[in-house]
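Asks: What follows is a single structure, and I will ask about it in a moment.
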Amino acid sequence: MKQLIELKVNGEVYEVAIESHRTLLEVLRESLGFVGTKRGCDEGTCGACTVLVNGKPILSCLMLATDAIGAEIETIEGQAITGKPSPLQKAFVDYGAIQCGFCSPGMILSAKALLRENPKPTEREIKEAISGNLCRCTGYIKIVEAIKVAAESNV
Amino acid sequence: MRLPKFECFYPKTVDEACAFLAEHKDQTRIIAGGTDLVVALKQRRTLPQHLLNLKSIPDLSLISYDQKTGLSIGALATLDDVARNPEIKKLYPSLSQAASRVAAPQIRNKGTIGGNVALDSRCWYYNQSEFWRSTRPACFKAGGDCCYVVKGGKQCYSLISADTVPALITLDASVELVSKAGSRVVAVEKLYTGIGQTPNVIKADEILTRVLVPASSLKGVYIKHAYRGAIDFPLIGVAVSLSLNGGNTVEDVRIAIGAATPAPVRAVKAEAVLKGKALSDELLAEAGQVATKEVTPIVHIFAPVAYKRKMVEVLLKRAVGAANREQGIGSRE
Ligand SMILES: Cc1cc2nc3c(=O)[nH]c(=O)nc-3n(C[C@H](O)[C@H](O)[C@H](O)COP(=O)(O)OP(=O)(O)OC[C@H]3O[C@@H](n4cnc5c(N)ncnc54)[C@H](O)[C@@H]3O)c2cc1C
Ligand code: SF4
Ligand code: FES
Ligand code: FES
């Protein structure tokens with residue numbers, strides 16, 4: 001049975017009619033068109049589907065869409081500030097932290113949640129914060145560097 | 001992978017949830033954080049008509065501590081809540097460590113302590129997609145009559161791999177289980193059957209509402225051994241709680257070993273070796289050797305039994321050493 005629910009994504013409220021067995025990932029990508037959120041493993045092991053729910057990184061492939069009713073959801077599409085990449089996004093580009101780009105939305109959101117809570121993280125804290133996000137391309141060093149630079153330039 | 005179809009019920013109170021279960025228990029699965037159940041559903045390991053979603057019950061995630069009654073953790077408290085709680089960090093460090101070592105930050109932000117304790121047992125042959133499993137006859141866990149892990153085995157040997165469980169056992173913790181018929185309290189140590197088909201004694205109409213840890217629990221440590229520092233389940237998890245008598249004589253000690261066997265093992269013989277004696281490298285070596293004989297590890301796809309046995313010994317030594325340092329009065333380096 002479909003029900004009409006409201007989801008608040010990047011500050012805007014969207015109405016969608018969905019069945020109970022839809023994941024937040026499916027609704028974001030397929031119903032609302034937020035295809036920046038990636039589907040990798042689809043079972044919790046890669047972090048590509050990471051979005052922020054009430055400020056915390058979670059895996060949208062493991063979350064029922066109905067569990068997100070009333071929550072603030074943030075996706076990669078909401079990161080740009082007045083049409084320009086955020087300092088964190090810019091640092092990822094400038095420091096070569098993006099190669100194929102598949103892990104980048106999840107990586108950036110995990111990093112964003114970290115920097116909000118802990119604006120001056122140590123390298124260890126950065127590594128811990130992105131430990132649930134796999135990258136097959138960069139070898140992580142450039143990603144850690146980009147997050148450090150963004151932290152130093154005060155996002 | 002799409003989820004199978006189901007209806008999701010959001011009760012407002014524990015009573016309402018219990019009434020729903022009393023009526024529909026055979027067609028219902030409880031969902032808390034969903035970090036394990038959603039995978040199980042996607043892999044068609046379970047096909048319930050209904051999900052009973054505990055998320056809508058207020059107050060089920062409260063954590064409170066009282067000097068007399070101890071610690072009470074609502075089943076819906078997330079692993080991140082448990083890992084960061086200042087009282088748990090200070091008074092029950094092994095529990096905080098265990099919660100902080102589960103999977104990765106995203107999963108700890110959603111996965112709950114109740115779901116961790118009630119976690120289904122795991123196996124490399126069974127925790128796979130429906131397609132993968134369909135390439136051979138069903139094993140015991142899937143309703144068939146063979147086991148691919150222990151050849152010729154007469155039961156399922158899947159493993160209780162939840163990280164918080166060994167820590168909770170050494171802290172003498174228990175869980176409150178509530179159903180329409182009433183409530184009961186069961187020690188975490190007594191919760192697991194060792195039989196993979198029915199890995200715990202929680203009944204289909206019962207809800208785990210709280211995890212209770214006595215105020216008098218001994219302090220300790222949890223050491224997780226896994227291939228990767230994040231995301232992986234433990235290959236072996238060792239928890240040790242310890243109290244020392246003045247210098248470094250062991251007054252009391254509790255040891256639990258998780259993930260190596262279908263049910264976690266309380267290493268009582270190794271505890272007996274340590275009790276009343278002064279800690280030394282020789283004593284630790286002896287305790288390690290005794291502990292490894294108390295567990296019969298199940299083979300892991302990447303870890304032979306002999307390796308697991310050796311690691312139980314090594315990890316036990318490390319854990320007792322670390323628990324000793326945790327006391328802050330250990331005389332060893
Ligand atoms: C990639 C990945 C890695 C993981 N790594 C680890 C790890 O390293 N260590 C580890 O311990 N776990 C790990 N997990 C498993 C899981 O995320 C955690 O165990 C988590 O604590 C489960 O909690 P949950 O609330 O998400 O449970 P759910 O998925 O909601 O439920 C799990 C089970 O418990 C039952 N249940 C849940 N709550 C209750 C309740 N209150 N009363 C009765 N029954 C209940 C459900 O019916 C279900 O059978 C991992 C999972 C994934 C996907
Ligand atoms: S231990 Fe054996 S019976 Fe149990 S799930 Fe694995 S293969 Fe199946
Ligand atoms: S797609 Fe969600 S963790 Fe891989
Ligand atoms: S840039 Fe390709 S996966 Fe990370």
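Ligands are numbered from 1 in the order shown, residues from 1 within each chain, and chains are lettered A, B, ... in the order they appear in the structure tokens.
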Any idea what's packed within 10 Å of region 319-329 of chain B, counting only C-alpha atoms, ignoring anything in its chain fewer than 2 positions away? Could you give it as a ChimeraX atom specification?
Replies: /B:93-94,218-224,237-248,250,253-255,274,279-281,284,287-288,313-317,331-333
Asks: Enumerate as a PyMOL selection string the residues belonging to chain A that approach chain B to within 10 Å, with only C-alpha atoms taken into account.
Replies: chain A and resi 1+19-23+26+39+41-47+50-53+56-64+66-67+110+128-134
Asks: Kindly provide the residues of chain B that approach ligand 2 to within 9 Å, each paired with its closest atom pair and their distance in Å to one decimal, based on only C-alpha atoms and all ligand atoms, listed by chain and increasing number, as a tab-separated table.
Replies:
```
residue	atom	partner	partner_atom_place_in_ligand_line	distance
B:Ser121	CA	ligand 2	5 (S)	8.2
B:Arg122	CA	ligand 2	5 (S)	6.8
B:Cys123	CA	ligand 2	6 (Fe)	4.6
B:Trp124	CA	ligand 2	6 (Fe)	6.5
B:Tyr125	CA	ligand 2	7 (S)	5.2
B:Tyr126	CA	ligand 2	5 (S)	4.6
B:Asn127	CA	ligand 2	5 (S)	7.6
B:Ala138	CA	ligand 2	8 (Fe)	7.5
B:Cys139	CA	ligand 2	8 (Fe)	4.4
B:Phe140	CA	ligand 2	3 (S)	4.2
B:Lys141	CA	ligand 2	5 (S)	4.7
B:Ala142	CA	ligand 2	8 (Fe)	6.7
B:Gly143	CA	ligand 2	3 (S)	8.8
B:Gly144	CA	ligand 2	3 (S)	8.1
B:Asp145	CA	ligand 2	3 (S)	7.8
B:Cys146	CA	ligand 2	3 (S)	6.2
B:Cys147	CA	ligand 2	2 (Fe)	3.5
B:Tyr148	CA	ligand 2	7 (S)	4.1
B:Val149	CA	ligand 2	2 (Fe)	4.8
B:Val150	CA	ligand 2	2 (Fe)	6.3
B:Lys151	CA	ligand 2	2 (Fe)	8.2
B:Gly153	CA	ligand 2	2 (Fe)	7.7
B:Lys154	CA	ligand 2	3 (S)	8.6
B:Gln155	CA	ligand 2	3 (S)	6.2
B:Cys156	CA	ligand 2	4 (Fe)	3.6
B:Tyr157	CA	ligand 2	1 (S)	3.9
B:Ser158	CA	ligand 2	1 (S)	4.1
B:Leu159	CA	ligand 2	1 (S)	7.6
B:Ile195	CA	ligand 2	4 (Fe)	8.7
B:Gly196	CA	ligand 2	4 (Fe)	5.7
B:Gln197	CA	ligand 2	4 (Fe)	7.1
B:Pro262	CA	ligand 2	1 (S)	8.6
B:Ile298	CA	ligand 2	1 (S)	8.6
```
Asks: Let's see if you can do this: from backbone DSSP, list all strand (DSSP E) residues in chain A, as number ranges by chain.
Replies: A: 3-9, 12-18, 50-53, 56-59, 72-74
Asks: Between B:Arg309, B:Arg29, B:Lys277, B:Arg136, which residue has the minimum interatomic distance to ligand 1, considering only C-alpha atoms and all ligand atoms?
Replies: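 Of all the options, B:Arg29 lies closest to ligand 1.
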Asks: Wanna dump the chain A-ligand 4 contacts at 9 Å for me, each residue with its shortest atom pair and the distance in Å to one decimal, counting only C-alpha atoms and all ligand atoms, ordered by chain and number, as JSON lines?
Replies:
```
{"residue": "A:Ala48", "atom": "CA", "partner": "ligand 4", "partner_atom_place_in_ligand_line": "3 (S)", "distance": 8.6}
{"residue": "A:Ala97", "atom": "CA", "partner": "ligand 4", "partner_atom_place_in_ligand_line": "1 (S)", "distance": 6.8}
{"residue": "A:Ile98", "atom": "CA", "partner": "ligand 4", "partner_atom_place_in_ligand_line": "1 (S)", "distance": 4.6}
{"residue": "A:Gln99", "atom": "CA", "partner": "ligand 4", "partner_atom_place_in_ligand_line": "1 (S)", "distance": 4.0}
{"residue": "A:Cys100", "atom": "CA", "partner": "ligand 4", "partner_atom_place_in_ligand_line": "2 (Fe)", "distance": 3.9}
{"residue": "A:Gly101", "atom": "CA", "partner": "ligand 4", "partner_atom_place_in_ligand_line": "1 (S)", "distance": 4.2}
{"residue": "A:Phe102", "atom": "CA", "partner": "ligand 4", "partner_atom_place_in_ligand_line": "3 (S)", "distance": 4.9}
{"residue": "A:Cys103", "atom": "CA", "partner": "ligand 4", "partner_atom_place_in_ligand_line": "4 (Fe)", "distance": 4.3}
{"residue": "A:Ser104", "atom": "CA", "partner": "ligand 4", "partner_atom_place_in_ligand_line": "4 (Fe)", "distance": 6.0}
{"residue": "A:Met107", "atom": "CA", "partner": "ligand 4", "partner_atom_place_in_ligand_line": "4 (Fe)", "distance": 8.3}
{"residue": "A:Asn133", "atom": "CA", "partner": "ligand 4", "partner_atom_place_in_ligand_line": "4 (Fe)", "distance": 8.8}
{"residue": "A:Leu134", "atom": "CA", "partner": "ligand 4", "partner_atom_place_in_ligand_line": "3 (S)", "distance": 6.8}
{"residue": "A:Cys135", "atom": "CA", "partner": "ligand 4", "partner_atom_place_in_ligand_line": "4 (Fe)", "distance": 3.7}
{"residue": "A:Arg136", "atom": "CA", "partner": "ligand 4", "partner_atom_place_in_ligand_line": "3 (S)", "distance": 4.3}
{"residue": "A:Cys137", "atom": "CA", "partner": "ligand 4", "partner_atom_place_in_ligand_line": "2 (Fe)", "distance": 4.3}
{"residue": "A:Thr138", "atom": "CA", "partner": "ligand 4", "partner_atom_place_in_ligand_line": "1 (S)", "distance": 5.6}
{"residue": "A:Gly139", "atom": "CA", "partner": "ligand 4", "partner_atom_place_in_ligand_line": "4 (Fe)", "distance": 8.1}
{"residue": "A:Tyr140", "atom": "CA", "partner": "ligand 4", "partner_atom_place_in_ligand_line": "4 (Fe)", "distance": 8.0}
{"residue": "A:Ile143", "atom": "CA", "partner": "ligand 4", "partner_atom_place_in_ligand_line": "4 (Fe)", "distance": 8.8}
```
Asks: Suppose we keep N, CA and C atoms; can you now write the selection as a compact mmCIF listing (two decimals), in the first residue's frame?
Replies:
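Result saved to again_39.txt:
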```
# COMPACT_ATOMS: atom_id res chain seq x y z
N ALA A 48 29.17 4.35 -0.21
CA ALA A 48 28.88 5.24 -1.35
C ALA A 48 27.53 5.93 -1.19
N ALA A 97 41.74 14.55 -4.66
CA ALA A 97 41.06 13.55 -3.83
C ALA A 97 39.92 12.89 -4.59
N ILE A 98 39.72 13.30 -5.83
CA ILE A 98 38.67 12.71 -6.66
C ILE A 98 39.32 12.12 -7.90
N GLN A 99 39.11 10.82 -8.12
CA GLN A 99 39.53 10.27 -9.41
C GLN A 99 38.27 9.88 -10.19
N CYS A 100 37.74 8.66 -9.99
CA CYS A 100 36.50 8.34 -10.72
C CYS A 100 35.32 9.09 -10.12
N GLY A 101 35.42 9.45 -8.84
CA GLY A 101 34.37 10.25 -8.21
C GLY A 101 33.23 9.47 -7.59
N PHE A 102 33.26 8.16 -7.70
CA PHE A 102 32.11 7.39 -7.21
C PHE A 102 31.97 7.47 -5.69
N CYS A 103 33.12 7.48 -4.99
CA CYS A 103 33.05 7.50 -3.53
C CYS A 103 32.88 8.93 -2.99
N SER A 104 33.11 9.93 -3.88
CA SER A 104 33.25 11.31 -3.38
C SER A 104 32.03 11.86 -2.65
N MET A 107 32.12 10.32 0.79
CA MET A 107 33.33 10.78 1.47
C MET A 107 33.14 12.21 1.98
N ASN A 133 33.89 4.55 4.44
CA ASN A 133 33.77 4.92 3.03
C ASN A 133 34.94 4.33 2.25
N LEU A 134 34.63 3.41 1.34
CA LEU A 134 35.71 2.79 0.56
C LEU A 134 35.99 3.60 -0.70
N CYS A 135 37.28 3.68 -1.07
CA CYS A 135 37.68 4.31 -2.33
C CYS A 135 38.58 3.33 -3.07
N ARG A 136 38.24 3.03 -4.31
CA ARG A 136 39.05 2.09 -5.08
C ARG A 136 40.16 2.81 -5.86
N CYS A 137 40.14 4.14 -5.90
CA CYS A 137 41.07 4.85 -6.79
C CYS A 137 42.22 5.55 -6.09
N THR A 138 41.92 6.37 -5.10
CA THR A 138 42.91 7.35 -4.65
C THR A 138 43.95 6.82 -3.69
N GLY A 139 43.65 5.74 -3.00
CA GLY A 139 44.57 5.30 -1.95
C GLY A 139 44.43 6.13 -0.68
N TYR A 140 43.40 6.95 -0.60
CA TYR A 140 43.00 7.69 0.62
C TYR A 140 43.91 8.85 1.01
N ILE A 143 42.70 12.11 -0.06
CA ILE A 143 41.42 12.44 0.58
C ILE A 143 41.68 13.01 1.97
```
Asks: Quick check, in Å to one decimal: how far apart do CA of Gly182 (chain B) and CA of Arg210 (chain B) lie?
Replies: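 Calculated distance between CA of Gly182 (chain B) and CA of Arg210 (chain B) is 14.4 Å.
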Asks: Restricting the calculation to only C-alpha atoms, which member of B:Arg44, B:Pro199, B:Leu208, B:Gln49 is positioned closest to Ile73 (chain B)?
Replies: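 For Ile73 (chain B), the nearest of the candidates is B:Leu208.
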Asks: With only C-alpha atoms as the atoms that count, which of B:Leu191, B:Ile202, B:Val213, B:Ala267 lies nearest to Ser179 (chain B)?
Replies: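 Under the stated criterion, the closest residue is B:Ile202.
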Asks: Using only C-alpha atoms, which of B:Gln97, B:Val165, B:Glu286, B:Ala263 sits nearest Thr193 (chain B)?
Replies: B:Ala263
